[in-house]
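Only one structure is covered here, and it is reproduced in the block below.
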Amino acid sequence: MINEKFVYLGAILNVIGSSTYAWNTLKGKTKPNRVTWFLWMLIPMIAFFAMIGEGVGLTSLMTFMVGFGPFLVLTASLMNKKAYWKISTLDWWCGGLSVLAVILWLITGTGVIAIILSIAADLLASVPTVIKSYRDPSSEHHSVFRNGAISAAITMLAIQHQTFTAFAFPLYIFLNCSVLYTLIRLRLGLKIKSLILSNRN
């Protein structure tokens, strides 16, 4: 366990990663899926207030930053019309199911069920970007997810009271960001496709 104030370092890393992604979006180097990034902005913000209501305290700052970063990215994508990823039917389905999970979450109120539903909603929102990162990693930038994973790890280490409501969302963010970072940085999807094609030949 580390000092709780290390959460501030995690927040700075989140800002750096998100700002880099937003800058690359403005330049047209990355093309964020707006369905995913809108929900990534909305869901953590609601989760943040749920965590505050549960008395989580300073470590909830990571959840706030996880929502603030996508706000920067979404704003950048709206400023550059070329930085746009075509939204598919699957994207809309995932977005709709994510919104449904958010509605169920709001109905249940705060607590364990609310946190589980917030994770489910965020995970569904992630599906379009996970698929995009697998198919076309060049349309993404890895640093935001690397920094997100590090920030989540710092938050987990800084949690003073290991409760489900304090630990679950940071753990989910760590796993989710790690998967996305690996797909983008190692171009894992392209390597798997190349391996499959070579085996067929």
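Simple scheme: letters A, B, ... for chains in structure tokens order, numbers from 1 for residues in each chain, numbers from 1 for ligands in the order shown.
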Could you build a table of the residues in region 136-186 of chain A lying no more than 10 Å from region 29-44 of chain A, giving for each the nearest pair of atoms and their separation in Å rounded to one decimal place, using only C-alpha atoms, ordered by chain and ascending residue number, as a tab-separated table?
residue	atom	partner	partner_atom	distance
A:Pro137	CA	A:Thr30	CA	9.5
A:Ser138	CA	A:Thr30	CA	7.5
A:Ser139	CA	A:Thr30	CA	4.8
A:Glu140	CA	A:Thr30	CA	5.0
A:His141	CA	A:Thr30	CA	6.5
A:Phe169	CA	A:Pro44	CA	9.0
Could I get the residues of region 49-89 of chain A with an atom no further than 12 Å from an atom of region 107-123 of chain A, each paired with its nearest atom pair and that distance in Å to one decimal, using only C-alpha atoms, sorted by chain and residue number, as a tab-separated table?
residue	atom	partner	partner_atom	distance
A:Phe49	CA	A:Thr110	CA	9.1
A:Ala50	CA	A:Thr110	CA	5.5
A:Met51	CA	A:Thr110	CA	7.8
A:Ile52	CA	A:Thr110	CA	9.7
A:Gly53	CA	A:Thr110	CA	7.3
A:Glu54	CA	A:Gly111	CA	6.9
A:Gly55	CA	A:Gly111	CA	10.5
A:Val56	CA	A:Gly111	CA	11.1
A:Thr63	CA	A:Ser118	CA	11.3
A:Val66	CA	A:Asp122	CA	11.0
A:Gly67	CA	A:Asp122	CA	10.8
Going by DSSP on the backbone, which residues of chain A come out as helix (DSSP H, G or I)? List them as a PyMOL selection string. chain A and resi 4-26+34-53+58-79+89-108+112-135+137-139+143-158+164-185+188-200
Between CA of Tyr8 (chain A) and CA of Leu61 (chain A), distance in Å (one decimal):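 Computing it gives 7.9 Å between the two atoms.
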Determine, counting only C-alpha atoms, which protein, DNA and RNA residues have an atom within 12 Å of an atom of Ala76 (chain A); residues of the same chain fewer than 6 positions away are not included. Present the result as a list of chain:residue names.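 The contact residues come out as A:Ser18, A:Ser19, A:Thr20, A:Tyr21, A:Ala22, A:Trp23, A:Asn24, A:Thr25, A:Leu26, A:Lys27, A:Gly28, A:Lys29, A:Thr30, A:Lys31, A:Pro32, A:Arg34, A:Trp37, A:Gly69, A:Pro70, A:Lys82, A:Ala83, A:Tyr84.
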At a cut-off of 12 Å, using only C-alpha atoms, what residues contact region 152-159 of chain A? Leave out same-chain residues fewer than 4 positions from it and give the result as JSON, numbers by chain. {"A": [1, 2, 3, 4, 5, 6, 7, 8, 9, 10, 11, 12, 13, 14, 56, 57, 58, 59, 60, 61, 62, 63, 64, 65, 66, 145, 146, 147, 148, 163, 164, 165, 166, 167, 168, 169, 170, 171, 172, 173, 174, 175, 176, 177, 178]}
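Minimum atom-to-atom distances from A:Phe48, A:Gln162, A:Pro128, A:Leu188 to Thr89 (chain A) were compared using only C-alpha atoms, and the lowest value belongs to A:Pro128.
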